[in-house]
>>> print(open('run.cif').read())   # mmCIF, C-alpha atoms and all ligand atoms
data_target
#
loop_
_atom_site.label_atom_id
_atom_site.label_comp_id
_atom_site.auth_asym_id
_atom_site.auth_seq_id
_atom_site.Cartn_x
_atom_site.Cartn_y
_atom_site.Cartn_z
CA MET A 1 10.28 -28.37 48.82
CA LYS A 2 13.20 -26.00 48.58
CA ASN A 3 12.75 -25.77 44.79
CA LEU A 4 9.08 -25.00 45.27
CA ALA A 5 9.87 -22.19 47.68
CA THR A 6 12.41 -20.74 45.23
CA ALA A 7 9.90 -20.93 42.41
CA MET A 8 7.30 -19.08 44.49
CA VAL A 9 9.77 -16.31 45.28
CA LEU A 10 10.61 -15.98 41.57
CA ILE A 11 6.92 -15.77 40.67
CA ALA A 12 6.41 -13.10 43.32
CA LEU A 13 9.37 -11.11 41.94
CA ALA A 14 8.03 -11.42 38.41
CA ASP A 15 4.67 -10.05 39.60
CA ILE A 16 6.43 -7.04 41.10
CA ALA A 17 8.32 -6.45 37.86
CA ILE A 18 5.03 -6.51 35.89
CA ALA A 19 3.37 -4.19 38.39
CA THR A 20 6.16 -1.62 38.27
CA SER A 21 6.91 -1.52 34.50
CA PRO A 22 4.74 1.04 32.69
CA ASP A 23 1.63 -0.35 31.08
CA LEU A 24 1.00 0.06 27.35
CA GLN A 25 -1.28 2.89 26.33
CA VAL A 26 -4.20 2.85 23.93
CA SER A 27 -5.28 6.22 22.60
CA PRO A 28 -8.85 5.80 21.30
CA ALA A 29 -9.46 7.51 17.98
CA ALA A 30 -12.52 9.30 19.37
CA ALA A 31 -10.49 10.81 22.22
CA ARG A 32 -8.08 12.69 19.95
CA SER A 33 -8.72 16.10 18.45
CA THR A 34 -7.15 18.04 15.61
CA THR A 35 -5.61 21.48 15.64
CA ALA A 36 -5.23 23.85 12.73
CA GLY A 37 -1.73 24.18 11.27
CA PRO A 38 -0.53 27.70 12.19
CA THR A 39 -0.53 30.22 9.32
CA GLU A 40 3.14 31.10 9.84
CA ASN A 41 4.15 27.52 8.95
CA PHE A 42 1.43 26.49 6.49
CA VAL A 43 -0.52 27.86 3.53
CA GLY A 44 -4.19 26.87 3.27
CA ARG A 45 -6.32 24.73 5.57
CA VAL A 46 -4.24 22.13 7.39
CA GLU A 47 -5.39 19.90 10.26
CA VAL A 48 -2.87 18.23 12.52
CA GLU A 49 -3.81 15.24 14.65
CA ARG A 50 -1.13 14.28 17.16
CA LEU A 51 -1.11 10.50 17.24
CA TYR A 52 1.75 10.20 19.71
CA THR A 53 4.00 12.82 21.23
CA PRO A 54 6.66 11.64 23.70
CA PRO A 55 6.20 13.16 27.18
CA VAL A 56 8.87 15.77 28.02
CA ALA A 57 9.98 13.59 30.97
CA ALA A 58 10.58 10.54 28.74
CA ALA A 59 14.10 11.46 27.62
CA ASP A 60 14.70 8.05 26.02
CA GLU A 61 11.67 8.40 23.70
CA ARG A 62 12.44 10.11 20.41
CA THR A 63 9.63 9.39 17.99
CA SER A 64 6.73 11.73 17.42
CA VAL A 65 3.84 10.61 15.18
CA GLY A 66 1.11 12.76 13.66
CA SER A 67 -1.50 12.65 10.94
CA VAL A 68 -1.73 15.78 8.81
CA THR A 69 -4.57 16.55 6.40
CA PHE A 70 -4.04 19.24 3.77
CA ALA A 71 -6.99 20.76 1.87
CA ALA A 72 -6.48 21.11 -1.90
CA GLY A 73 -3.70 23.64 -2.49
CA ALA A 74 -2.53 23.60 1.15
CA ARG A 75 1.10 22.91 2.03
CA THR A 76 3.81 23.34 4.63
CA ALA A 77 6.39 26.12 4.53
CA TRP A 78 9.92 25.09 3.60
CA HIS A 79 11.48 23.35 6.61
CA THR A 80 14.07 20.86 7.83
CA HIS A 81 14.05 18.09 10.45
CA PRO A 82 17.14 17.54 12.64
CA ARG A 83 16.76 13.74 12.48
CA GLY A 84 14.81 13.47 9.25
CA GLN A 85 11.20 12.43 8.75
CA THR A 86 9.18 9.59 7.23
CA LEU A 87 5.84 10.34 5.54
CA ILE A 88 3.27 7.65 4.77
CA VAL A 89 0.52 8.88 2.44
CA THR A 90 -2.86 7.55 3.61
CA SER A 91 -5.30 9.31 1.26
CA GLY A 92 -5.62 11.80 -1.58
CA VAL A 93 -2.94 13.12 -3.91
CA GLY A 94 -0.03 15.23 -2.70
CA ARG A 95 3.24 16.86 -3.60
CA VAL A 96 6.68 16.79 -2.05
CA GLN A 97 9.85 18.60 -3.03
CA ARG A 98 13.33 19.13 -1.72
CA TRP A 99 15.14 22.40 -2.23
CA ASP A 100 16.67 22.37 -5.75
CA GLY A 101 14.81 19.13 -6.47
CA GLN A 102 11.87 18.26 -8.70
CA VAL A 103 8.29 18.40 -7.42
CA GLN A 104 7.03 14.83 -7.03
CA GLU A 105 3.48 13.52 -6.86
CA ILE A 106 2.66 11.24 -3.91
CA ARG A 107 -0.31 8.90 -3.53
CA PRO A 108 -1.77 6.54 -0.88
CA GLY A 109 0.74 3.90 0.16
CA ASP A 110 3.73 5.95 -0.97
CA VAL A 111 6.39 6.40 1.71
CA VAL A 112 8.73 9.40 1.60
CA ARG A 113 11.94 9.46 3.62
CA ILE A 114 13.35 12.92 4.17
CA PRO A 115 16.96 12.85 5.38
CA ALA A 116 18.15 14.99 8.31
CA ASP A 117 18.59 18.72 7.60
CA VAL A 118 17.26 18.52 4.02
CA LYS A 119 15.15 21.58 3.19
CA HIS A 120 11.76 20.50 1.77
CA TRP A 121 8.00 20.98 1.76
CA HIS A 122 4.99 18.67 1.47
CA GLY A 123 1.31 19.24 0.89
CA ALA A 124 -1.77 18.54 -1.19
CA ALA A 125 -2.09 18.72 -4.97
CA PRO A 126 -3.97 21.82 -6.22
CA ASP A 127 -7.11 19.78 -6.95
CA SER A 128 -7.08 17.14 -4.18
CA THR A 129 -6.81 16.84 -0.42
CA MET A 130 -3.94 14.74 0.94
CA THR A 131 -3.44 13.05 4.31
CA HIS A 132 -0.15 11.60 5.47
CA THR A 133 1.14 10.12 8.68
CA ALA A 134 4.39 11.82 9.67
CA VAL A 135 6.97 10.04 11.84
CA THR A 136 9.56 12.46 13.13
CA GLU A 137 12.43 12.07 15.59
CA VAL A 138 12.92 14.58 18.34
CA HIS A 139 16.43 16.05 18.74
CA ASP A 140 17.22 18.43 21.60
CA GLY A 141 13.50 18.83 22.20
CA SER A 142 12.78 19.83 18.60
CA THR A 143 11.48 18.04 15.50
CA VAL A 144 11.44 20.84 12.93
CA THR A 145 13.05 24.13 11.89
CA TRP A 146 10.62 26.29 9.94
CA LEU A 147 11.82 28.46 7.05
CA GLU A 148 10.09 30.68 4.44
CA GLN A 149 6.71 29.88 2.85
CA VAL A 150 6.45 27.99 -0.43
CA SER A 151 5.45 30.74 -2.89
CA ASP A 152 2.58 30.34 -5.35
CA ALA A 153 5.16 30.33 -8.15
CA GLN A 154 7.09 27.48 -6.51
CA TYR A 155 3.87 25.58 -5.78
CA SER A 156 2.48 25.96 -9.30
CA VAL A 157 5.30 23.92 -10.88
CA ARG A 158 3.70 20.69 -12.06
CA PRO A 159 5.30 17.35 -11.25
CA PRO A 160 6.48 15.41 -14.30
CA SER A 161 3.75 13.13 -15.61
CA PRO A 162 4.42 9.50 -14.73
CA THR A 163 5.86 7.32 -17.49
CA PRO A 164 3.02 6.10 -19.72
CA ALA A 165 1.72 2.73 -18.64
CA GLN A 166 2.42 -0.34 -20.75
CA PRO A 167 -0.63 -1.36 -22.79
CA THR A 168 -2.75 -3.76 -20.77
CA ARG A 169 -3.26 -7.38 -21.76
CA ALA A 170 -6.75 -6.50 -23.05
CA GLN A 171 -5.36 -3.61 -25.11
CA GLN A 172 -2.72 -5.88 -26.63
CA LEU A 173 -5.24 -8.62 -27.33
CA MET A 174 -8.09 -6.62 -28.87
CA GLY A 175 -7.37 -2.88 -28.53
CA ASP A 176 -6.97 -2.50 -32.29
CA ILE A 177 -10.02 -4.50 -33.35
CA ALA A 178 -12.41 -3.86 -30.43
CA PRO A 179 -11.22 -0.83 -28.43
CA LYS A 180 -14.45 -0.49 -26.43
CA LEU A 181 -14.32 -4.12 -25.35
CA ALA A 182 -10.69 -3.62 -24.27
CA GLU A 183 -11.71 -0.49 -22.33
CA LEU A 184 -14.63 -2.31 -20.63
CA THR A 185 -12.32 -5.20 -19.74
CA ASP A 186 -9.78 -2.86 -18.15
CA GLU A 187 -12.09 -0.38 -16.47
CA VAL A 188 -15.20 -2.37 -15.54
CA LEU A 189 -13.98 -5.96 -15.17
CA PHE A 190 -10.47 -5.45 -13.75
CA GLY A 191 -10.82 -1.83 -12.57
CA ASP A 192 -14.10 -2.29 -10.68
CA ILE A 193 -15.33 -5.88 -10.32
CA TRP A 194 -11.91 -7.39 -9.60
CA GLU A 195 -11.11 -4.58 -7.15
CA ARG A 196 -14.24 -5.14 -5.02
CA PRO A 197 -13.18 -5.96 -1.45
CA GLY A 198 -15.65 -8.80 -0.82
CA LEU A 199 -13.31 -11.55 -2.04
CA SER A 200 -9.55 -11.82 -1.96
CA LYS A 201 -7.83 -11.85 -5.36
CA ARG A 202 -6.93 -15.48 -4.74
CA ASP A 203 -10.54 -16.52 -4.10
CA ARG A 204 -11.75 -14.43 -7.04
CA SER A 205 -9.26 -16.27 -9.27
CA LEU A 206 -10.57 -19.62 -8.04
CA VAL A 207 -14.14 -18.59 -8.89
CA THR A 208 -13.11 -17.41 -12.36
CA ILE A 209 -11.02 -20.50 -13.12
CA SER A 210 -13.91 -22.73 -12.03
CA ALA A 211 -16.38 -20.90 -14.27
CA LEU A 212 -14.02 -21.03 -17.27
CA VAL A 213 -13.42 -24.77 -16.79
CA ALA A 214 -17.19 -25.36 -16.49
CA MET A 215 -17.86 -23.39 -19.67
CA ASN A 216 -14.98 -25.06 -21.51
CA ARG A 217 -13.18 -21.82 -22.39
CA PRO A 218 -9.51 -22.85 -22.77
CA ASP A 219 -8.25 -19.51 -24.18
CA GLN A 220 -9.47 -17.43 -21.24
CA LEU A 221 -8.61 -20.25 -18.81
CA ARG A 222 -4.96 -20.06 -19.92
CA SER A 223 -4.75 -16.37 -18.91
CA HIS A 224 -6.66 -16.89 -15.67
CA ILE A 225 -4.57 -19.83 -14.47
CA ALA A 226 -1.51 -17.60 -14.95
CA LEU A 227 -3.27 -14.76 -13.10
CA GLY A 228 -4.35 -17.16 -10.34
CA ARG A 229 -0.72 -18.12 -9.74
CA GLN A 230 0.12 -14.42 -9.34
CA HIS A 231 -2.70 -14.21 -6.79
CA GLY A 232 -1.31 -17.07 -4.71
CA LEU A 233 -3.11 -20.15 -6.05
CA THR A 234 -0.83 -23.19 -6.24
CA GLN A 235 -0.62 -25.88 -8.89
CA PRO A 236 -2.14 -28.57 -6.58
CA GLU A 237 -5.06 -26.25 -5.71
CA ILE A 238 -5.85 -25.51 -9.35
CA VAL A 239 -5.57 -29.17 -10.34
CA GLU A 240 -7.81 -30.12 -7.39
CA ALA A 241 -10.44 -27.58 -8.49
CA ILE A 242 -10.38 -29.05 -12.02
CA THR A 243 -10.74 -32.56 -10.60
CA GLN A 244 -13.74 -31.55 -8.46
CA LEU A 245 -15.33 -29.81 -11.43
CA ALA A 246 -15.47 -33.03 -13.46
CA PHE A 247 -18.46 -34.00 -11.28
CA TYR A 248 -20.33 -30.71 -11.73
CA ALA A 249 -19.27 -29.47 -15.15
CA GLY A 250 -18.72 -32.74 -16.96
CA TRP A 251 -15.71 -34.89 -17.73
CA PRO A 252 -14.82 -33.28 -21.14
CA SER A 253 -14.64 -29.77 -19.63
CA ALA A 254 -12.41 -30.99 -16.81
CA VAL A 255 -10.11 -32.78 -19.26
CA THR A 256 -9.79 -29.61 -21.37
CA GLY A 257 -8.99 -27.73 -18.14
CA ALA A 258 -6.37 -30.30 -17.17
CA THR A 259 -4.78 -30.00 -20.62
CA VAL A 260 -4.51 -26.22 -20.28
CA ALA A 261 -3.09 -26.62 -16.76
CA LYS A 262 -0.50 -29.04 -18.12
CA GLU A 263 0.61 -26.51 -20.76
CA ILE A 264 1.17 -23.96 -18.01
CA PHE A 265 2.61 -26.11 -15.24
CA LEU A 266 4.49 -28.70 -17.30
CA PRO A 267 5.72 -26.81 -20.36
CA LYS A 268 7.32 -29.03 -23.02
CA PRO A 269 11.11 -29.04 -22.75
CA ALA A 270 12.89 -27.49 -25.74
CA ALA A 271 13.82 -30.07 -28.39
CA PRO A 272 17.46 -31.12 -28.08
CA ALA A 273 19.81 -29.69 -30.72
CA GLY A 274 20.19 -31.87 -33.78
CA ILE A 275 16.63 -33.21 -33.80
CA ARG A 276 14.52 -31.87 -36.64
MN MN A 301 8.68 17.60 6.70
#
>>> encode(input="run.cif", output="structure tokens")
Amino acid sequence: MKNLATAMVLIALADIAIATSPDLQVSPAAARSTTAGPTENFVGRVEVERLYTPPVAAADERTSVGSVTFAAGARTAWHTHPRGQTLIVTSGVGRVQRWDGQVQEIRPGDVVRIPADVKHWHGAAPDSTMTHTAVTEVHDGSTVTWLEQVSDAQYSVRPPSPTPAQPTRAQQLMGDIAPKLAELTDEVLFGDIWERPGLSKRDRSLVTISALVAMNRPDQLRSHIALGRQHGLTQPEIVEAITQLAFYAGWPSAVTGATVAKEIFLPKPAAPAGIR
């Protein structure tokens, strides 16, 4: 009985603790508005959406988060952040540069860390909008020190072009003999069809492997089993698919598929030295 009474007191205390600790907040997207970036700190059309700004009273909160959209050609003035800043590019193509540094192109998914007190600017490319989420720490009530504008001459410096991409598998395989087929393979098949969001890459690989087994196409199957592994398919899953397919596609096709899978999953060990 005594234990029960103690337990009830503890539950009551826990309820009080829950009731008095601040609740979490959800800020609905529709409830937020954007403000224009002021002309003294920005060039061009810039919209700032405050995602979270710590209340002045919350002295222990330091992180301010905003989403900033720059129209083509728009950018910040030069500035510094007392505790640095992290930018996460969410759409478009942008530019970022530190003082005395090279202009760099930034794209969706890129994350830029700007150290404390490093003079820099960020903005859109001349021919594209750019949106980034900015995470900035407050220090002594401030997140930024604004400096002079980025001049047109400074802005017009082009970022170095990225290192040329390695030739794709299709280009290596048939670029010299059938360049259009290589281009269609890269741009239509892998650039469009394979990038459609309706199936995961893993599931798409399973569909492709199944079709290639059914059609008895060992050359393409070899590449697609390797690709399927990159997309997360395991050896037992691929072997199981081949086994199932024997009943739908015919025993010979499944055996060819199993032979290709064996080449990939159980490569022949190198011949010991001395054996010719
Ligand atoms: Mn900044």
>>> closest_residue(input="run.cif", among="A:Asp60, A:Ser21, A:Ala74, A:Ala116", to="ligand MN 301 (chain A)", atoms="all atoms listed in the file")
A:Ala116
>>> atom_distance(input="run.cif", atom1="CA of Lys119 (chain A)", atom2="CA of Trp99 (chain A)")
5.5 Å
>>> residues_near_ligand(input="run.cif", ligand="ligand MN 301 (chain A)", cutoff="7 Å", atoms="all atoms listed in the file", output="number ranges by chain")
A: 79-81, 85, 120-122
>>> atom_distance(input="run.cif", atom1="CA of Arg75 (chain A)", atom2="CA of Arg32 (chain A)")
22.6 Å
>>> residues_around(input="run.cif", residues="Val150 (chain A)", least_positions_apart="3", cutoff="9 Å", atoms="all atoms listed in the file", output="ChimeraX atom specification")
/A:42-43,75-78,121,153-155
>>> residues_near_point(input="run.cif", point="(-6.1, -29.7, -11.9)", cutoff="12 Å", atoms="all atoms listed in the file", output="ChimeraX atom specification")
/A:206,209-210,213,221,225,233-246,253-266
>>> write_last_selection(input="run.cif", atoms="C-alpha atoms", output="PDB file, in the frame of the given file")
ATOM      1  CA  LEU A 206     -10.570 -19.620  -8.040  1.00  0.00           C
ATOM      2  CA  ILE A 209     -11.020 -20.500 -13.120  1.00  0.00           C
ATOM      3  CA  SER A 210     -13.910 -22.730 -12.030  1.00  0.00           C
ATOM      4  CA  VAL A 213     -13.420 -24.770 -16.790  1.00  0.00           C
ATOM      5  CA  LEU A 221      -8.610 -20.250 -18.810  1.00  0.00           C
ATOM      6  CA  ILE A 225      -4.570 -19.830 -14.470  1.00  0.00           C
ATOM      7  CA  LEU A 233      -3.110 -20.150  -6.050  1.00  0.00           C
ATOM      8  CA  THR A 234      -0.830 -23.190  -6.240  1.00  0.00           C
ATOM      9  CA  GLN A 235      -0.620 -25.880  -8.890  1.00  0.00           C
ATOM     10  CA  PRO A 236      -2.140 -28.570  -6.580  1.00  0.00           C
ATOM     11  CA  GLU A 237      -5.060 -26.250  -5.710  1.00  0.00           C
ATOM     12  CA  ILE A 238      -5.850 -25.510  -9.350  1.00  0.00           C
ATOM     13  CA  VAL A 239      -5.570 -29.170 -10.340  1.00  0.00           C
ATOM     14  CA  GLU A 240      -7.810 -30.120  -7.390  1.00  0.00           C
ATOM     15  CA  ALA A 241     -10.440 -27.580  -8.490  1.00  0.00           C
ATOM     16  CA  ILE A 242     -10.380 -29.050 -12.020  1.00  0.00           C
ATOM     17  CA  THR A 243     -10.740 -32.560 -10.600  1.00  0.00           C
ATOM     18  CA  GLN A 244     -13.740 -31.550  -8.460  1.00  0.00           C
ATOM     19  CA  LEU A 245     -15.330 -29.810 -11.430  1.00  0.00           C
ATOM     20  CA  ALA A 246     -15.470 -33.030 -13.460  1.00  0.00           C
ATOM     21  CA  SER A 253     -14.640 -29.770 -19.630  1.00  0.00           C
ATOM     22  CA  ALA A 254     -12.410 -30.990 -16.810  1.00  0.00           C
ATOM     23  CA  VAL A 255     -10.110 -32.780 -19.260  1.00  0.00           C
ATOM     24  CA  THR A 256      -9.790 -29.610 -21.370  1.00  0.00           C
ATOM     25  CA  GLY A 257      -8.990 -27.730 -18.140  1.00  0.00           C
ATOM     26  CA  ALA A 258      -6.370 -30.300 -17.170  1.00  0.00           C
ATOM     27  CA  THR A 259      -4.780 -30.000 -20.620  1.00  0.00           C
ATOM     28  CA  VAL A 260      -4.510 -26.220 -20.280  1.00  0.00           C
ATOM     29  CA  ALA A 261      -3.090 -26.620 -16.760  1.00  0.00           C
ATOM     30  CA  LYS A 262      -0.500 -29.040 -18.120  1.00  0.00           C
ATOM     31  CA  GLU A 263       0.610 -26.510 -20.760  1.00  0.00           C
ATOM     32  CA  ILE A 264       1.170 -23.960 -18.010  1.00  0.00           C
ATOM     33  CA  PHE A 265       2.610 -26.110 -15.240  1.00  0.00           C
ATOM     34  CA  LEU A 266       4.490 -28.700 -17.300  1.00  0.00           C
TER      35      LEU A 266
END
>>> atom_distance(input="run.cif", atom1="CA of Asp117 (chain A)", atom2="CA of Val68 (chain A)")
20.6 Å
>>> closest_residue(input="run.cif", among="A:Val138, A:Asp192, A:Pro160, A:Val96", to="Pro55 (chain A)", atoms="all atoms listed in the file")
A:Val138
>>> closest_residue(input="run.cif", among="A:Gly228, A:Gly44, A:Ala170, A:Pro82", to="Leu189 (chain A)", atoms="only C-alpha atoms")
A:Ala170
